[in-house]
Every structure is written in structure tokens, then in C-alpha cells.
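Peer 1: So that you have it, the file is work.txt, and it contains compact mmCIF, C-alpha atoms:
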```txt
# COMPACT_ATOMS: atom_id res chain seq x y z
CA MET A 1 -34.27 31.18 45.56
CA GLU A 2 -35.74 31.98 48.93
CA ARG A 3 -33.26 32.74 51.70
CA THR A 4 -34.11 32.29 55.34
CA THR A 5 -32.37 34.15 58.15
CA VAL A 6 -30.97 31.66 60.58
CA LYS A 7 -29.54 31.89 64.06
CA LEU A 8 -26.02 30.57 63.65
CA TYR A 9 -23.65 29.66 66.43
CA SER A 10 -19.96 28.99 66.56
CA PHE A 11 -19.04 27.37 69.82
CA SER A 12 -15.38 26.96 70.76
CA PHE A 13 -13.87 23.69 71.90
CA SER A 14 -13.75 25.05 75.46
CA GLU A 15 -17.54 25.26 75.68
CA ILE A 16 -19.59 22.32 76.91
CA LYS A 17 -22.30 23.23 74.37
CA THR A 18 -19.92 22.20 71.58
CA TYR A 19 -19.74 18.66 72.91
CA LEU A 20 -23.44 18.43 73.77
CA PHE A 21 -24.54 19.51 70.28
CA ALA A 22 -21.90 17.30 68.69
CA LEU A 23 -23.21 14.35 70.71
CA LEU A 24 -26.73 15.06 69.48
CA PHE A 25 -25.63 15.08 65.84
CA ILE A 26 -23.35 12.06 66.28
CA VAL A 27 -26.35 10.11 67.59
CA GLY A 28 -28.24 11.17 64.46
CA ASN A 29 -25.33 10.09 62.29
CA ILE A 30 -25.35 6.71 64.03
CA ALA A 31 -29.12 6.13 63.89
CA LEU A 32 -29.66 7.26 60.28
CA PRO A 33 -27.05 4.89 58.79
CA GLN A 34 -28.53 2.00 60.75
CA LEU A 35 -31.90 2.69 59.13
CA CYS A 36 -30.35 3.02 55.68
CA HIS A 37 -28.35 -0.19 56.06
CA LEU A 38 -31.61 -2.11 56.44
CA MET A 39 -31.89 -1.99 52.63
CA PRO A 40 -29.31 -3.50 50.28
CA HIS A 41 -26.59 -0.96 49.41
CA GLY A 42 -28.42 1.60 51.54
CA GLY A 43 -25.22 3.20 52.81
CA VAL A 44 -23.72 3.62 49.35
CA MET A 45 -26.98 4.93 47.92
CA TRP A 46 -28.11 7.27 50.72
CA LEU A 47 -24.71 8.40 52.17
CA PRO A 48 -26.35 8.80 55.59
CA VAL A 49 -23.23 9.42 57.68
CA TYR A 50 -22.89 12.87 56.13
CA PHE A 51 -26.39 14.26 56.70
CA PHE A 52 -26.14 15.48 60.28
CA THR A 53 -22.56 16.64 59.74
CA LEU A 54 -23.94 19.16 57.25
CA ILE A 55 -26.58 20.34 59.72
CA ALA A 56 -24.12 20.46 62.65
CA ALA A 57 -21.51 22.49 60.80
CA TYR A 58 -23.98 24.89 59.23
CA LYS A 59 -26.01 25.59 62.34
CA TYR A 60 -23.42 25.28 65.12
CA GLY A 61 -20.07 26.02 63.48
CA ILE A 62 -16.81 24.36 62.73
CA GLY A 63 -16.22 22.86 66.19
CA VAL A 64 -19.51 20.96 66.34
CA GLY A 65 -19.17 20.13 62.65
CA LEU A 66 -15.67 18.68 62.95
CA LEU A 67 -16.48 16.64 66.05
CA THR A 68 -19.51 15.22 64.26
CA ALA A 69 -17.53 14.68 61.04
CA VAL A 70 -14.73 12.74 62.71
CA LEU A 71 -16.49 10.84 65.47
CA SER A 72 -19.59 9.68 63.56
CA PRO A 73 -17.83 7.47 61.01
CA MET A 74 -15.34 6.19 63.58
CA ILE A 75 -18.03 5.21 66.10
CA ASN A 76 -20.17 3.62 63.37
CA SER A 77 -17.19 1.62 62.16
CA LEU A 78 -16.25 0.54 65.67
CA LEU A 79 -19.78 -0.45 66.72
CA PHE A 80 -21.24 -1.79 63.48
CA GLY A 81 -18.36 -2.37 61.06
CA MET A 82 -19.83 0.18 58.66
CA PRO A 83 -18.09 1.94 57.18
CA PRO A 84 -15.32 -0.67 56.93
CA VAL A 85 -12.02 0.43 58.46
CA HIS A 86 -10.30 0.54 55.05
CA SER A 87 -12.88 3.13 53.90
CA LEU A 88 -12.40 5.45 56.87
CA PRO A 89 -9.63 7.66 55.41
CA VAL A 90 -11.79 8.63 52.44
CA ILE A 91 -15.00 8.98 54.45
CA LEU A 92 -13.25 11.05 57.11
CA THR A 93 -11.72 13.26 54.43
CA LYS A 94 -15.09 13.90 52.79
CA SER A 95 -16.75 14.37 56.16
CA ILE A 96 -14.16 16.94 57.25
CA LEU A 97 -14.46 18.75 53.91
CA LEU A 98 -18.23 18.82 54.38
CA ALA A 99 -17.92 20.27 57.89
CA CYS A 100 -15.47 22.94 56.70
CA ALA A 101 -17.56 23.89 53.67
CA GLY A 102 -20.78 23.94 55.72
CA ALA A 103 -19.35 26.11 58.47
CA TYR A 104 -17.74 28.46 55.95
CA VAL A 105 -20.90 28.98 53.88
CA ALA A 106 -22.97 29.57 57.01
CA TYR A 107 -20.40 32.03 58.39
CA ARG A 108 -19.95 33.80 55.06
CA PHE A 109 -23.61 34.24 54.16
CA GLY A 110 -25.43 33.99 57.50
CA LYS A 111 -28.51 32.60 55.79
CA VAL A 112 -29.83 29.27 54.65
CA SER A 113 -30.04 29.14 50.89
CA LEU A 114 -30.59 26.25 48.55
CA LEU A 115 -27.72 27.43 46.36
CA GLY A 116 -25.46 27.52 49.41
CA ILE A 117 -26.34 23.95 50.33
CA ILE A 118 -25.80 22.83 46.72
CA GLY A 119 -22.41 24.54 46.80
CA ILE A 120 -21.45 22.78 50.02
CA VAL A 121 -22.40 19.34 48.70
CA LEU A 122 -20.67 19.92 45.36
CA THR A 123 -17.54 21.20 47.09
CA TYR A 124 -17.10 18.30 49.48
CA GLN A 125 -17.97 15.71 46.84
CA LEU A 126 -15.75 17.10 44.09
CA LEU A 127 -12.74 17.77 46.30
CA GLY A 128 -13.35 14.53 48.18
CA SER A 129 -13.52 12.53 44.94
CA ILE A 130 -10.23 14.01 43.74
CA ILE A 131 -8.59 13.12 47.05
CA GLU A 132 -10.19 9.66 46.97
CA TRP A 133 -8.82 9.14 43.45
CA ALA A 134 -5.34 10.03 44.77
CA ILE A 135 -5.73 7.63 47.69
CA VAL A 136 -7.25 4.60 45.92
CA GLY A 137 -5.84 5.22 42.44
CA ASP A 138 -9.13 4.33 40.73
CA PHE A 139 -11.06 7.15 39.07
CA ILE A 140 -14.32 5.18 38.68
CA HIS A 141 -14.24 4.08 42.32
CA ALA A 142 -13.56 7.69 43.36
CA LEU A 143 -16.80 8.75 41.67
CA GLN A 144 -18.87 6.12 43.49
CA ASP A 145 -20.57 8.61 45.83
CA ILE A 146 -21.63 10.69 42.85
CA ARG A 147 -22.62 7.75 40.61
CA LEU A 148 -24.37 5.55 43.17
CA GLY A 149 -25.09 8.08 45.90
CA LEU A 150 -27.14 10.55 43.89
CA PRO A 151 -30.28 9.89 46.00
CA GLY A 152 -28.26 10.61 49.15
CA LEU A 153 -26.76 13.75 47.67
CA LEU A 154 -30.25 14.98 46.80
CA VAL A 155 -31.40 14.23 50.36
CA GLN A 156 -28.42 16.18 51.68
CA VAL A 157 -29.29 19.16 49.48
CA PHE A 158 -33.07 19.27 49.80
CA GLY A 159 -33.43 17.50 53.15
CA GLY A 160 -30.58 19.56 54.62
CA TYR A 161 -32.15 22.76 53.34
CA LEU A 162 -35.57 21.87 54.76
CA PHE A 163 -34.10 20.72 58.08
CA LEU A 164 -32.09 23.92 58.41
CA LYS A 165 -35.16 26.00 57.59
CA LEU A 166 -37.11 24.04 60.19
CA ILE A 167 -34.57 24.79 62.94
CA ALA A 168 -33.67 28.27 61.62
CA LYS A 169 -34.99 30.18 64.62
CA LEU A 170 -33.70 27.83 67.34
```
Please express the file's structure as C-alpha cells.

Peer 2:
Amino acid sequence: MERTTVKLYSFSFSEIKTYLFALLFIVGNIALPQLCHLMPHGGVMWLPVYFFTLIAAYKYGIGVGLLTAVLSPMINSLLFGMPPVHSLPVILTKSILLACAGAYVAYRFGKVSLLGIIGIVLTYQLLGSIIEWAIVGDFIHALQDIRLGLPGLLVQVFGGYLFLKLIAKL
């Protein structure tokens, strides 16, 4: 697997850059779900609210990642009713896990690698599904993102990898 050196940042919560980059990725996480929701079951199939969280956490660190992870689903729910409020605890849990895994892998390895991105997506989905199972009490429902969202997971892996490679030197 090819590995690309990437300029990684880790802005603290006291830096204005943290909030500016988070705002940029939150806008992406608002626009992308709106596009996906134009098709039936687009949100469940494409899992769009996670895409820019992955990019934000990997490229700009845990602060930008967590702000994007928490605010994106909440703003989408408030403005558009998607995700529904009753789904927010699970989506926020998975989103936070994604931000933590993404920031950790980027910090640990300092490079963009396809295996790293696969590891991030597997980590947040597997841990998130276990937590979702504990919350909703339904194993089949807890596997919904994996069963129905496979296209979205593949976009996160391959699209996330390509996007990160594209912005690697920024």
C-alpha cells in the first residue's frame, strides 16, 4: 500500500483556527447529507454525516474532529430533522469514536495510508455497533450501518483516502 506524507495539524480549543476549520467541515457535513437525502434511504446507505468528520480529525486533529463530530449531526437534526432526535445518541457516539480513531491514527503514523483509513472505519463501526446494541437492545438494528451502509463505508475508506491524499500538502 502506498503511503503519502501529510501535513498534520492539531489545533487546541484556544485557537481560532480550530473553530474555522471545524466550521468548514461542519458545512460539508451539512451539505453532503442533503445531497444524499435526495435519494430514497440515501442517509442510511451513504452515511454522509461521517465523511468530513474523518477528514477533519485526520488532517486537523482531535479538536477539529470532535467539534465536527458533535455539531454536524446536531445541526442537521435541528435544521432538517435528519438524523431524527432519537437517533442522535448512537450517531453522536459513532461520530465521536470516528473523530478519536481518526486523530489517533493520524498522530500515531503521521501518514495517510489506506490500511489506516480502513482501520479507522472498522474501529468506529465495530465499537459503535456494540454500543448501539447496548443502547437499543437489538443486534440486527445495531448492524444497520454495516448491512445497509456498505456503500457509504466504502466511500469513507476510498473517498477519504483520496481526499486526504489530495489535501496532503496543504

Peer 1: So, counting all atoms listed in the file, which residue among A:Phe11, A:Lys59, A:Leu71, A:Met45 is closest to Ile26 of chain A?

Peer 2: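 Smallest separation from Ile26 of chain A among the options: A:Leu71.
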
Peer 1: Between atom CA of Tyr60 of chain A and atom CA of Tyr161 of chain A, what is the spacing in Å?

Peer 2: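 Result for atom CA of Tyr161 of chain A versus atom CA of Tyr60 of chain A: 14.9 Å, one decimal.
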
Peer 1: Rank A:Phe109, A:Leu78, A:Ile91, A:Lys169 by their smallest atom-to-atom distance to Ala142 of chain A, using all atoms listed in the file, and report the top residue only.

Peer 2: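 Selected residue with least distance to Ala142 of chain A: A:Ile91.
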
Peer 1: Would you compute the distance between atom CA of Val70 of chain A and atom CA of Ala101 of chain A? Give it in Å to one decimal.

Peer 2: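 Computing it gives 14.6 Å between the two atoms.
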
Peer 1: Which one is closest to Ile131 of chain A: A:Gly102, A:Pro33, A:Pro89, A:Pro84? Count all atoms listed in the file.

Peer 2: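 The closest residue to Ile131 of chain A is A:Pro89.
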
Peer 1: Calculated over only C-alpha atoms, which of the candidates A:Val157, A:Ser10, A:Val44, A:Met39 has the smallest distance to Val112 of chain A?

Peer 2: A:Val157

Peer 1: In Å, how far is it from atom CA of Phe25 of chain A to atom CA of Thr68 of chain A?

Peer 2: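 Separation of atom CA of Phe25 of chain A and atom CA of Thr68 of chain A: 6.3 Å.
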
Peer 1: In file coordinates, which residues lie within 12 Å of (-28.2, 5.8, 62.5) using all atoms listed in the file, given as a compact mmCIF listing (two decimals) with C-alpha atoms, in the coordinates of the input?

Peer 2:
```txt
# COMPACT_ATOMS: atom_id res chain seq x y z
CA LEU A 24 -26.73 15.06 69.48
CA PHE A 25 -25.63 15.08 65.84
CA ILE A 26 -23.35 12.06 66.28
CA VAL A 27 -26.35 10.11 67.59
CA GLY A 28 -28.24 11.17 64.46
CA ASN A 29 -25.33 10.09 62.29
CA ILE A 30 -25.35 6.71 64.03
CA ALA A 31 -29.12 6.13 63.89
CA LEU A 32 -29.66 7.26 60.28
CA PRO A 33 -27.05 4.89 58.79
CA GLN A 34 -28.53 2.00 60.75
CA LEU A 35 -31.90 2.69 59.13
CA CYS A 36 -30.35 3.02 55.68
CA HIS A 37 -28.35 -0.19 56.06
CA LEU A 38 -31.61 -2.11 56.44
CA GLY A 42 -28.42 1.60 51.54
CA GLY A 43 -25.22 3.20 52.81
CA TRP A 46 -28.11 7.27 50.72
CA LEU A 47 -24.71 8.40 52.17
CA PRO A 48 -26.35 8.80 55.59
CA VAL A 49 -23.23 9.42 57.68
CA TYR A 50 -22.89 12.87 56.13
CA PHE A 51 -26.39 14.26 56.70
CA PHE A 52 -26.14 15.48 60.28
CA SER A 72 -19.59 9.68 63.56
CA PRO A 73 -17.83 7.47 61.01
CA ILE A 75 -18.03 5.21 66.10
CA ASN A 76 -20.17 3.62 63.37
CA SER A 77 -17.19 1.62 62.16
CA LEU A 79 -19.78 -0.45 66.72
CA PHE A 80 -21.24 -1.79 63.48
CA MET A 82 -19.83 0.18 58.66
```

Peer 1: I need segment 18-155 of chain A written out with C-alpha atoms, as a short mmCIF file (atom, residue, chain, number, x, y, z; two decimals), in the first residue's frame; please produce it.

Peer 2:
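The resulting result-v4.cif:
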```cif
data_model
loop_
_atom_site.label_atom_id
_atom_site.label_comp_id
_atom_site.auth_asym_id
_atom_site.auth_seq_id
_atom_site.Cartn_x
_atom_site.Cartn_y
_atom_site.Cartn_z
CA THR A 18 -9.85 25.12 15.36
CA TYR A 19 -13.26 26.72 15.03
CA LEU A 20 -12.72 27.96 11.48
CA PHE A 21 -11.68 24.53 10.20
CA ALA A 22 -14.46 22.87 12.18
CA LEU A 23 -16.96 25.27 10.60
CA LEU A 24 -15.66 24.34 7.15
CA PHE A 25 -16.10 20.62 7.80
CA ILE A 26 -19.46 21.08 9.52
CA VAL A 27 -20.71 22.85 6.39
CA GLY A 28 -19.51 19.85 4.38
CA ASN A 29 -21.28 17.50 6.77
CA ILE A 30 -24.47 19.52 6.33
CA ALA A 31 -24.31 19.81 2.53
CA LEU A 32 -23.35 16.19 1.79
CA PRO A 33 -26.26 14.65 3.73
CA GLN A 34 -28.68 16.99 1.98
CA LEU A 35 -27.46 15.67 -1.37
CA CYS A 36 -27.66 12.06 -0.19
CA HIS A 37 -31.17 12.52 1.21
CA LEU A 38 -32.40 13.39 -2.28
CA MET A 39 -32.47 9.64 -2.97
CA PRO A 40 -34.60 7.17 -1.00
CA HIS A 41 -32.70 5.82 2.02
CA GLY A 42 -29.69 7.89 0.95
CA GLY A 43 -28.66 8.69 4.51
CA VAL A 44 -28.77 5.07 5.66
CA MET A 45 -26.95 3.87 2.55
CA TRP A 46 -24.25 6.56 2.20
CA LEU A 47 -23.71 7.55 5.89
CA PRO A 48 -22.78 11.07 4.76
CA VAL A 49 -22.64 12.77 8.16
CA TYR A 50 -19.42 10.91 8.95
CA PHE A 51 -17.35 11.71 5.86
CA PHE A 52 -15.97 15.12 6.74
CA THR A 53 -15.56 14.13 10.38
CA LEU A 54 -13.00 11.58 9.22
CA ILE A 55 -11.17 14.20 7.15
CA ALA A 56 -11.33 16.84 9.90
CA ALA A 57 -9.96 14.56 12.61
CA TYR A 58 -7.24 13.05 10.46
CA LYS A 59 -5.96 16.28 8.96
CA TYR A 60 -6.58 18.80 11.76
CA GLY A 61 -6.61 16.77 14.98
CA ILE A 62 -8.92 15.84 17.77
CA GLY A 63 -10.27 19.34 18.46
CA VAL A 64 -11.49 19.99 14.92
CA GLY A 65 -12.60 16.37 14.67
CA LEU A 66 -14.68 16.43 17.86
CA LEU A 67 -16.31 19.76 17.05
CA THR A 68 -17.24 18.42 13.62
CA ALA A 69 -18.36 15.07 15.09
CA VAL A 70 -20.69 16.61 17.65
CA LEU A 71 -22.03 19.70 15.91
CA SER A 72 -22.69 18.22 12.44
CA PRO A 73 -25.37 15.70 13.46
CA MET A 74 -26.93 18.11 15.95
CA ILE A 75 -27.21 20.96 13.44
CA ASN A 76 -28.52 18.61 10.74
CA SER A 77 -31.14 17.28 13.14
CA LEU A 78 -32.15 20.76 14.26
CA LEU A 79 -32.37 22.24 10.75
CA PHE A 80 -33.62 19.29 8.71
CA GLY A 81 -34.89 16.66 11.14
CA MET A 82 -32.27 14.21 9.90
CA PRO A 83 -30.99 12.40 11.75
CA PRO A 84 -34.08 12.11 13.94
CA VAL A 85 -33.54 13.19 17.54
CA HIS A 86 -33.99 9.63 18.85
CA SER A 87 -31.04 8.53 16.67
CA LEU A 88 -28.66 11.23 17.91
CA PRO A 89 -27.13 9.31 20.86
CA VAL A 90 -25.96 6.49 18.58
CA ILE A 91 -24.86 8.78 15.75
CA LEU A 92 -23.00 11.07 18.14
CA THR A 93 -21.31 8.06 19.73
CA LYS A 94 -20.14 6.72 16.37
CA SER A 95 -19.13 10.19 15.22
CA ILE A 96 -17.04 10.78 18.35
CA LEU A 97 -15.44 7.34 18.01
CA LEU A 98 -14.61 8.19 14.39
CA ALA A 99 -13.02 11.51 15.37
CA CYS A 100 -10.95 9.86 18.11
CA ALA A 101 -9.82 6.98 15.90
CA GLY A 102 -9.02 9.33 13.00
CA ALA A 103 -6.99 11.72 15.12
CA TYR A 104 -5.17 8.86 16.83
CA VAL A 105 -4.18 7.09 13.60
CA ALA A 106 -3.00 10.35 12.05
CA TYR A 107 -0.99 11.24 15.17
CA ARG A 108 0.43 7.74 15.55
CA PHE A 109 1.51 7.18 11.96
CA GLY A 110 1.83 10.70 10.52
CA LYS A 111 0.96 9.43 7.06
CA VAL A 112 -2.13 8.72 5.03
CA SER A 113 -2.47 5.03 4.36
CA LEU A 114 -5.34 3.01 3.02
CA LEU A 115 -4.88 0.45 5.79
CA GLY A 116 -5.03 3.24 8.36
CA ILE A 117 -8.30 4.55 6.96
CA ILE A 118 -9.73 1.01 6.86
CA GLY A 119 -8.70 0.60 10.50
CA ILE A 120 -10.40 3.85 11.48
CA VAL A 121 -13.67 2.94 9.76
CA LEU A 122 -13.65 -0.60 11.17
CA THR A 123 -12.89 0.69 14.67
CA TYR A 124 -15.66 3.26 14.84
CA GLN A 125 -18.20 0.96 13.20
CA LEU A 126 -17.45 -2.12 15.31
CA LEU A 127 -17.22 -0.28 18.63
CA GLY A 128 -20.16 1.92 17.65
CA SER A 129 -22.30 -1.10 16.74
CA ILE A 130 -21.56 -2.75 20.09
CA ILE A 131 -22.53 0.45 21.91
CA GLU A 132 -25.62 0.82 19.70
CA TRP A 133 -26.62 -2.76 20.54
CA ALA A 134 -26.33 -1.88 24.24
CA ILE A 135 -28.41 1.27 23.76
CA VAL A 136 -31.20 -0.07 21.51
CA GLY A 137 -31.10 -3.72 22.60
CA ASP A 138 -31.45 -5.01 19.03
CA PHE A 139 -28.42 -6.70 17.47
CA ILE A 140 -29.75 -6.59 13.89
CA HIS A 141 -30.60 -2.89 14.18
CA ALA A 142 -27.13 -2.24 15.63
CA LEU A 143 -25.58 -3.68 12.47
CA GLN A 144 -27.63 -1.44 10.17
CA ASP A 145 -24.72 0.83 9.24
CA ILE A 146 -22.68 -2.20 8.25
CA ARG A 147 -25.51 -4.06 6.48
CA LEU A 148 -27.16 -1.15 4.67
CA GLY A 149 -24.37 1.40 4.74
CA LEU A 150 -21.68 -0.59 2.97
CA PRO A 151 -21.59 1.88 0.03
CA GLY A 152 -21.06 4.73 2.49
CA LEU A 153 -18.37 2.84 4.36
CA LEU A 154 -16.56 2.22 1.08
CA VAL A 155 -16.83 5.93 0.23
#
```
